[in-house]
Structure formats: C-alpha cells, structure tokens
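Enquirer: Below you will find the structure I want to go over with you.
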2 protein chains.
Amino acid sequence: MYGLINRFTTHPGRRDELIAAMTGDAGPLPGCRSFVVAKDPADPDAVWITEVWDSEEDWRASLDLPAVRASIDKALSLIASFGERTVTLPVSLRP
Amino acid sequence: MYGLINRFTTHPGRRDELIAAMTGDAGPLPGCRSFVVAKDPADPDAVWITEVWDSEEDWRASLDLPAVRASIDKALSLIASFGERTVTLPVSLRP
C-alpha cells in the first residue's frame, strides 16, 4: 500500500473553504483505502491530510479524475504554504 | 473525531517485531475509525502510526484494554525514540 501525510496552511481564515473543497463528493476513488481530512488544533489555518491507497499508481490515477482535479484546483487557490510531505508504506489498516 | 500521527524509531533491525506487535489481533477497538501502521520508506527502523477515533475518550479507554496494553508493553521494549506526536481533529474520513 501507499500512504501520504500532508500538512497545508491556508491563507488566513480560509480553512473551512479548503476543508469543503477536500471533502466534497469526488465520487468513487479506485484504490483509496483511507482519506482523512483533519484540522490542526494548534493552528486555525492548518489541515492534515492522511491517505492510504492500494498503490502509488492508484493515487496518481486519482489526480486525473475530473472531480479530484477540480477540488485540487480549488484547494491550490486557498493554500498559502505546504508543510512537510511524508510518503509511507502502510502494512496494516483497520478496522 | 480525534486523530493521532506518530513516528517511532525502533532499535536497529527491530521494526518488523514492532509492526507485528502493533498489528496483532487486539480484538474490537470501540470508537476506532482508522488505525494505520506504515513503514517509513526513508528509514528502515521507523514506522508511522496514524489513527482516527470517535473521541479522545475512546482512544484513552482503548489503552486499558488488555490486548492493547500488552501490545504497548511489547512495543515500548522495541522503540528507541519517539518522533513528533501530532494530535489532529478529523472532520472527514472516507471511504
């Protein structure tokens, strides 16, 4: 499996819009095992995105889905800075 | 919801044992929405644990479950250092 941990900081006061953009109905996401959007409690403009995919290829293919493409374009307009991007190799996912 | 992102580094060569300890059958975990154990591809001794719980209380209660207690005790014997511990507030979890 292929995992990602990302932290984004929005322009001041725009976090809720980013969350809305990243949690809209993107339709089926083939190979997506987990996609979590979370607020950073220590920073009112920061979000954490943690993802698990069956493969890196599945994750890359998702970037071409129209709904995902649209949410990324919207998100990019709201993001002021990108935090550390971590790739992981999940070995277990429950429940 | 309540989320955690943790990175642990084991004593040299002990990662597989830590993964085994953290992925054993702990039985039902009330309130656990997601528990991911992942290898860090950049460090052969490091693992990432990302968790989502219905509440912080559910997470705390899980620490008292015998099977969880046993896996934590085993894990502690294998862990050489604890990386940054991040608390998050998940707002969306799919699928």
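Ligands are numbered from 1 in the order shown, residues from 1 within each chain, and chains are lettered A, B, ... in the order they appear in the structure tokens.
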Need the shell around Asp45 in chain A: protein/DNA/RNA residues with any atom at most 12 Å away, counting only C-alpha atoms. Skip same-chain ones fewer than 5 positions apart. Format as a compact mmCIF listing (two decimals) with N, CA, C and O atoms, in the first residue's frame?

Expert:
# COMPACT_ATOMS: atom_id res chain seq x y z
N ARG A 7 0.58 18.31 5.43
CA ARG A 7 0.04 19.41 6.22
C ARG A 7 0.01 20.65 5.33
O ARG A 7 1.02 21.00 4.71
N PHE A 8 -1.16 21.28 5.22
CA PHE A 8 -1.30 22.51 4.43
C PHE A 8 -1.71 23.65 5.36
O PHE A 8 -2.49 23.44 6.29
N THR A 9 -1.23 24.84 5.04
CA THR A 9 -1.71 26.04 5.75
C THR A 9 -2.40 26.94 4.74
O THR A 9 -1.84 27.22 3.67
N THR A 10 -3.62 27.35 5.09
CA THR A 10 -4.38 28.18 4.14
C THR A 10 -4.04 29.66 4.36
O THR A 10 -3.43 30.04 5.37
N HIS A 11 -4.49 30.49 3.46
CA HIS A 11 -4.50 31.93 3.69
C HIS A 11 -5.39 32.16 4.92
O HIS A 11 -6.34 31.40 5.16
N PRO A 12 -5.11 33.19 5.69
CA PRO A 12 -5.83 33.38 6.96
C PRO A 12 -7.36 33.29 6.82
O PRO A 12 -7.95 33.89 5.92
N GLY A 13 -7.97 32.46 7.65
CA GLY A 13 -9.43 32.37 7.69
C GLY A 13 -10.05 31.52 6.60
O GLY A 13 -11.29 31.43 6.51
N ARG A 14 -9.23 30.85 5.76
CA ARG A 14 -9.80 30.12 4.62
C ARG A 14 -9.86 28.60 4.83
O ARG A 14 -10.18 27.86 3.91
N ARG A 15 -9.58 28.14 6.06
CA ARG A 15 -9.52 26.69 6.29
C ARG A 15 -10.83 25.98 5.99
O ARG A 15 -10.85 24.93 5.35
N ASP A 16 -11.93 26.56 6.43
CA ASP A 16 -13.22 25.89 6.21
C ASP A 16 -13.49 25.71 4.72
O ASP A 16 -14.03 24.68 4.30
N GLU A 17 -13.09 26.69 3.93
CA GLU A 17 -13.26 26.55 2.47
C GLU A 17 -12.40 25.42 1.93
O GLU A 17 -12.82 24.65 1.06
N LEU A 18 -11.17 25.31 2.45
CA LEU A 18 -10.29 24.22 2.00
C LEU A 18 -10.89 22.86 2.39
O LEU A 18 -10.93 21.93 1.57
N ILE A 19 -11.39 22.78 3.61
CA ILE A 19 -11.99 21.53 4.06
C ILE A 19 -13.19 21.18 3.17
O ILE A 19 -13.34 20.04 2.72
N ALA A 38 -8.26 16.53 8.39
CA ALA A 38 -8.34 16.88 9.81
C ALA A 38 -7.85 18.30 10.06
O ALA A 38 -6.95 18.79 9.36
N LYS A 39 -8.43 18.96 11.04
CA LYS A 39 -7.96 20.26 11.48
C LYS A 39 -6.75 20.08 12.39
O LYS A 39 -6.65 19.09 13.12
N ASP A 40 -5.82 21.04 12.31
CA ASP A 40 -4.72 21.09 13.26
C ASP A 40 -5.22 21.94 14.43
O ASP A 40 -5.48 23.13 14.25
N LEU A 78 -6.46 28.24 -2.23
CA LEU A 78 -6.68 28.57 -0.82
C LEU A 78 -5.44 28.34 0.05
O LEU A 78 -5.35 28.82 1.17
N ILE A 79 -4.49 27.57 -0.50
CA ILE A 79 -3.31 27.16 0.29
C ILE A 79 -2.20 28.20 0.20
O ILE A 79 -1.78 28.60 -0.90
N ALA A 80 -1.75 28.64 1.36
CA ALA A 80 -0.66 29.63 1.43
C ALA A 80 0.69 28.93 1.48
O ALA A 80 1.67 29.40 0.90
N SER A 81 0.77 27.79 2.19
CA SER A 81 2.06 27.08 2.26
C SER A 81 1.84 25.59 2.47
O SER A 81 0.86 25.15 3.07
N PHE A 82 2.82 24.82 1.96
CA PHE A 82 2.79 23.37 2.06
C PHE A 82 3.79 22.94 3.13
O PHE A 82 4.96 23.34 3.06

Enquirer: Please identify every residue of chain A that has at least one atom no more than 10 Å from any atom of chain B, counting only C-alpha atoms, and report them as a PyMOL selection string.

Expert: chain A and resi 1-3+5+19-20+22-24+28-29+32-42+47-52+86-95

Enquirer: Please list as a list in words every residue within 9 Å of Val68 in chain A, counting only C-alpha atoms and excluding residues in the same chain fewer than 3 positions away.

Expert: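 Listed by chain and then number, they are Met22, Ala26, Gly27, Leu29, Ser62, Leu63, Asp64, Leu65, Ser71, Ile72 and Asp73 of chain A.
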
Enquirer: When you draw a straight line from CA of Ser55 in chain B to CA of Arg85 in chain B, how long is it in Å?

Expert: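 Between CA of Ser55 in chain B and CA of Arg85 in chain B the gap is 17.2 Å.
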
Enquirer: Could you find all residues in chain A that DSSP calls helix (DSSP H, G or I) from the backbone, and write them as a short mmCIF file (atom, residue, chain, number, x, y, z; two decimals) with all heavy atoms, in the first residue's frame?

Expert:
data_model
loop_
_atom_site.label_atom_id
_atom_site.label_comp_id
_atom_site.auth_asym_id
_atom_site.auth_seq_id
_atom_site.Cartn_x
_atom_site.Cartn_y
_atom_site.Cartn_z
N ARG A 15 -9.58 28.14 6.06
CA ARG A 15 -9.52 26.69 6.29
C ARG A 15 -10.83 25.98 5.99
O ARG A 15 -10.85 24.93 5.35
CB ARG A 15 -9.07 26.37 7.71
CG ARG A 15 -9.02 24.85 7.98
CD ARG A 15 -8.27 24.48 9.22
NE ARG A 15 -8.99 24.83 10.45
CZ ARG A 15 -8.51 24.59 11.66
NH1 ARG A 15 -7.33 24.01 11.83
NH2 ARG A 15 -9.18 24.95 12.74
N ASP A 16 -11.93 26.56 6.43
CA ASP A 16 -13.22 25.89 6.21
C ASP A 16 -13.49 25.71 4.72
O ASP A 16 -14.03 24.68 4.30
CB ASP A 16 -14.36 26.68 6.88
CG ASP A 16 -14.35 26.55 8.41
OD1 ASP A 16 -13.65 25.62 8.91
OD2 ASP A 16 -15.01 27.35 9.09
N GLU A 17 -13.09 26.69 3.93
CA GLU A 17 -13.26 26.55 2.47
C GLU A 17 -12.40 25.42 1.93
O GLU A 17 -12.82 24.65 1.06
CB GLU A 17 -12.88 27.86 1.76
CG GLU A 17 -13.85 29.02 1.97
CD GLU A 17 -13.27 30.29 1.37
OE1 GLU A 17 -13.30 30.41 0.12
OE2 GLU A 17 -12.76 31.11 2.15
N LEU A 18 -11.17 25.31 2.45
CA LEU A 18 -10.29 24.22 2.00
C LEU A 18 -10.89 22.86 2.39
O LEU A 18 -10.93 21.93 1.57
CB LEU A 18 -8.90 24.37 2.59
CG LEU A 18 -7.92 23.25 2.22
CD1 LEU A 18 -7.70 23.21 0.71
CD2 LEU A 18 -6.59 23.43 2.94
N ILE A 19 -11.39 22.78 3.61
CA ILE A 19 -11.99 21.53 4.06
C ILE A 19 -13.19 21.18 3.17
O ILE A 19 -13.34 20.04 2.72
CB ILE A 19 -12.39 21.63 5.54
CG1 ILE A 19 -11.13 21.60 6.42
CG2 ILE A 19 -13.36 20.51 5.92
CD1 ILE A 19 -11.38 21.87 7.88
N ALA A 20 -13.99 22.17 2.85
CA ALA A 20 -15.15 21.94 1.97
C ALA A 20 -14.68 21.43 0.60
O ALA A 20 -15.22 20.47 0.05
CB ALA A 20 -15.96 23.21 1.82
N ALA A 21 -13.61 22.04 0.08
CA ALA A 21 -13.09 21.63 -1.24
C ALA A 21 -12.57 20.20 -1.20
O ALA A 21 -12.71 19.44 -2.17
CB ALA A 21 -11.98 22.58 -1.68
N MET A 22 -12.00 19.80 -0.04
CA MET A 22 -11.35 18.48 0.02
C MET A 22 -12.29 17.38 0.53
O MET A 22 -11.91 16.20 0.58
CB MET A 22 -10.11 18.56 0.89
CG MET A 22 -9.12 19.58 0.39
SD MET A 22 -7.44 19.30 0.94
CE MET A 22 -7.00 17.86 -0.06
N THR A 23 -13.49 17.77 0.93
CA THR A 23 -14.41 16.75 1.44
C THR A 23 -15.69 16.66 0.60
O THR A 23 -16.61 15.95 0.97
CB THR A 23 -14.80 17.05 2.90
OG1 THR A 23 -15.37 18.36 2.96
CG2 THR A 23 -13.58 16.99 3.81
N GLU A 56 0.72 3.35 -5.37
CA GLU A 56 1.06 4.71 -5.80
C GLU A 56 0.37 5.02 -7.13
O GLU A 56 -0.11 6.13 -7.36
CB GLU A 56 2.58 4.85 -5.94
CG GLU A 56 3.00 6.27 -6.30
CD GLU A 56 4.51 6.46 -6.31
OE1 GLU A 56 5.23 5.51 -5.96
OE2 GLU A 56 4.96 7.57 -6.68
N GLU A 57 0.27 3.99 -7.98
CA GLU A 57 -0.37 4.18 -9.28
C GLU A 57 -1.85 4.58 -9.11
O GLU A 57 -2.35 5.44 -9.82
CB GLU A 57 -0.27 2.89 -10.12
CG GLU A 57 1.15 2.54 -10.56
CD GLU A 57 2.02 2.08 -9.37
OE1 GLU A 57 1.47 1.60 -8.35
OE2 GLU A 57 3.26 2.27 -9.47
N ASP A 58 -2.53 3.95 -8.15
CA ASP A 58 -3.93 4.30 -7.91
C ASP A 58 -4.04 5.76 -7.47
O ASP A 58 -4.93 6.50 -7.88
CB ASP A 58 -4.53 3.39 -6.83
CG ASP A 58 -4.87 2.01 -7.36
OD1 ASP A 58 -5.13 1.89 -8.58
OD2 ASP A 58 -4.86 1.06 -6.57
N TRP A 59 -3.10 6.16 -6.58
CA TRP A 59 -3.12 7.56 -6.13
C TRP A 59 -2.89 8.49 -7.31
O TRP A 59 -3.65 9.44 -7.52
CB TRP A 59 -2.05 7.78 -5.07
CG TRP A 59 -1.81 9.24 -4.80
CD1 TRP A 59 -2.68 10.14 -4.24
CD2 TRP A 59 -0.64 9.98 -5.17
NE1 TRP A 59 -2.11 11.39 -4.23
CE2 TRP A 59 -0.86 11.33 -4.79
CE3 TRP A 59 0.58 9.64 -5.76
CZ2 TRP A 59 0.08 12.33 -5.00
CZ3 TRP A 59 1.52 10.65 -5.96
CH2 TRP A 59 1.27 11.98 -5.59
N ARG A 60 -1.88 8.19 -8.13
CA ARG A 60 -1.60 9.07 -9.29
C ARG A 60 -2.80 9.13 -10.24
O ARG A 60 -3.15 10.19 -10.72
CB ARG A 60 -0.35 8.57 -10.04
CG ARG A 60 0.93 8.83 -9.30
CD ARG A 60 2.19 8.67 -10.16
NE ARG A 60 3.37 8.77 -9.30
CZ ARG A 60 3.82 9.93 -8.81
NH1 ARG A 60 3.19 11.07 -9.10
NH2 ARG A 60 4.87 9.96 -8.01
N ALA A 61 -3.44 7.97 -10.47
CA ALA A 61 -4.58 7.94 -11.39
C ALA A 61 -5.71 8.83 -10.86
O ALA A 61 -6.42 9.49 -11.62
CB ALA A 61 -5.06 6.50 -11.57
N SER A 62 -5.85 8.88 -9.54
CA SER A 62 -6.95 9.67 -8.96
C SER A 62 -6.80 11.15 -9.29
O SER A 62 -7.79 11.89 -9.38
CB SER A 62 -7.01 9.47 -7.45
OG SER A 62 -5.97 10.21 -6.79
N PRO A 66 -11.86 14.00 -12.95
CA PRO A 66 -12.35 15.39 -13.04
C PRO A 66 -12.71 16.01 -11.70
O PRO A 66 -12.30 17.12 -11.37
CB PRO A 66 -13.57 15.25 -13.95
CG PRO A 66 -13.29 14.04 -14.78
CD PRO A 66 -12.53 13.11 -13.89
N ALA A 67 -13.41 15.25 -10.86
CA ALA A 67 -13.85 15.82 -9.57
C ALA A 67 -12.64 16.09 -8.67
O ALA A 67 -12.60 17.08 -7.94
CB ALA A 67 -14.82 14.87 -8.88
N VAL A 68 -11.65 15.19 -8.73
CA VAL A 68 -10.46 15.39 -7.90
C VAL A 68 -9.66 16.58 -8.44
O VAL A 68 -9.20 17.43 -7.69
CB VAL A 68 -9.59 14.10 -7.90
CG1 VAL A 68 -8.26 14.34 -7.22
CG2 VAL A 68 -10.36 12.96 -7.22
N ARG A 69 -9.55 16.63 -9.76
CA ARG A 69 -8.84 17.74 -10.40
C ARG A 69 -9.46 19.08 -9.98
O ARG A 69 -8.78 20.03 -9.60
CB ARG A 69 -8.97 17.53 -11.93
CG ARG A 69 -8.22 18.41 -12.86
CD ARG A 69 -6.73 18.20 -12.85
NE ARG A 69 -6.10 19.26 -12.09
CZ ARG A 69 -4.94 19.12 -11.48
NH1 ARG A 69 -4.29 17.98 -11.48
NH2 ARG A 69 -4.40 20.12 -10.82
N ALA A 70 -10.78 19.12 -9.97
CA ALA A 70 -11.49 20.37 -9.61
C ALA A 70 -11.23 20.73 -8.15
O ALA A 70 -10.98 21.90 -7.81
CB ALA A 70 -12.99 20.19 -9.85
N SER A 71 -11.23 19.72 -7.27
CA SER A 71 -11.04 20.03 -5.83
C SER A 71 -9.60 20.47 -5.59
O SER A 71 -9.34 21.36 -4.77
CB SER A 71 -11.40 18.83 -4.97
OG SER A 71 -10.40 17.83 -5.01
N ILE A 72 -8.65 19.90 -6.34
CA ILE A 72 -7.25 20.31 -6.19
C ILE A 72 -7.07 21.75 -6.66
O ILE A 72 -6.44 22.57 -6.00
CB ILE A 72 -6.31 19.35 -6.97
CG1 ILE A 72 -6.25 17.99 -6.28
CG2 ILE A 72 -4.91 19.96 -7.11
CD1 ILE A 72 -5.51 16.94 -7.07
N ASP A 73 -7.68 22.07 -7.80
CA ASP A 73 -7.57 23.45 -8.31
C ASP A 73 -8.13 24.45 -7.29
O ASP A 73 -7.51 25.48 -7.01
CB ASP A 73 -8.32 23.58 -9.64
CG ASP A 73 -7.61 22.82 -10.78
OD1 ASP A 73 -6.41 22.47 -10.59
OD2 ASP A 73 -8.26 22.56 -11.81
N LYS A 74 -9.27 24.11 -6.72
CA LYS A 74 -9.88 25.00 -5.70
C LYS A 74 -8.94 25.09 -4.49
O LYS A 74 -8.65 26.17 -3.98
CB LYS A 74 -11.24 24.44 -5.29
CG LYS A 74 -11.90 25.17 -4.13
CD LYS A 74 -12.32 26.58 -4.51
CE LYS A 74 -13.10 27.25 -3.37
NZ LYS A 74 -13.35 28.69 -3.62
N ALA A 75 -8.44 23.93 -4.06
CA ALA A 75 -7.58 23.90 -2.86
C ALA A 75 -6.32 24.74 -3.08
O ALA A 75 -5.91 25.51 -2.19
CB ALA A 75 -7.20 22.46 -2.55
N LEU A 76 -5.74 24.64 -4.25
CA LEU A 76 -4.50 25.37 -4.52
C LEU A 76 -4.70 26.88 -4.38
O LEU A 76 -3.79 27.61 -3.98
CB LEU A 76 -3.97 25.02 -5.92
CG LEU A 76 -3.40 23.61 -6.07
CD1 LEU A 76 -3.02 23.33 -7.53
CD2 LEU A 76 -2.19 23.40 -5.15
N SER A 77 -5.91 27.33 -4.68
CA SER A 77 -6.17 28.77 -4.58
C SER A 77 -6.28 29.22 -3.13
O SER A 77 -6.18 30.41 -2.82
CB SER A 77 -7.47 29.11 -5.32
OG SER A 77 -8.61 28.59 -4.59
N LEU A 78 -6.46 28.24 -2.23
CA LEU A 78 -6.68 28.57 -0.82
C LEU A 78 -5.44 28.34 0.05
O LEU A 78 -5.35 28.82 1.17
CB LEU A 78 -7.82 27.71 -0.27
CG LEU A 78 -9.19 27.90 -0.94
CD1 LEU A 78 -10.12 26.74 -0.60
CD2 LEU A 78 -9.80 29.23 -0.51
#
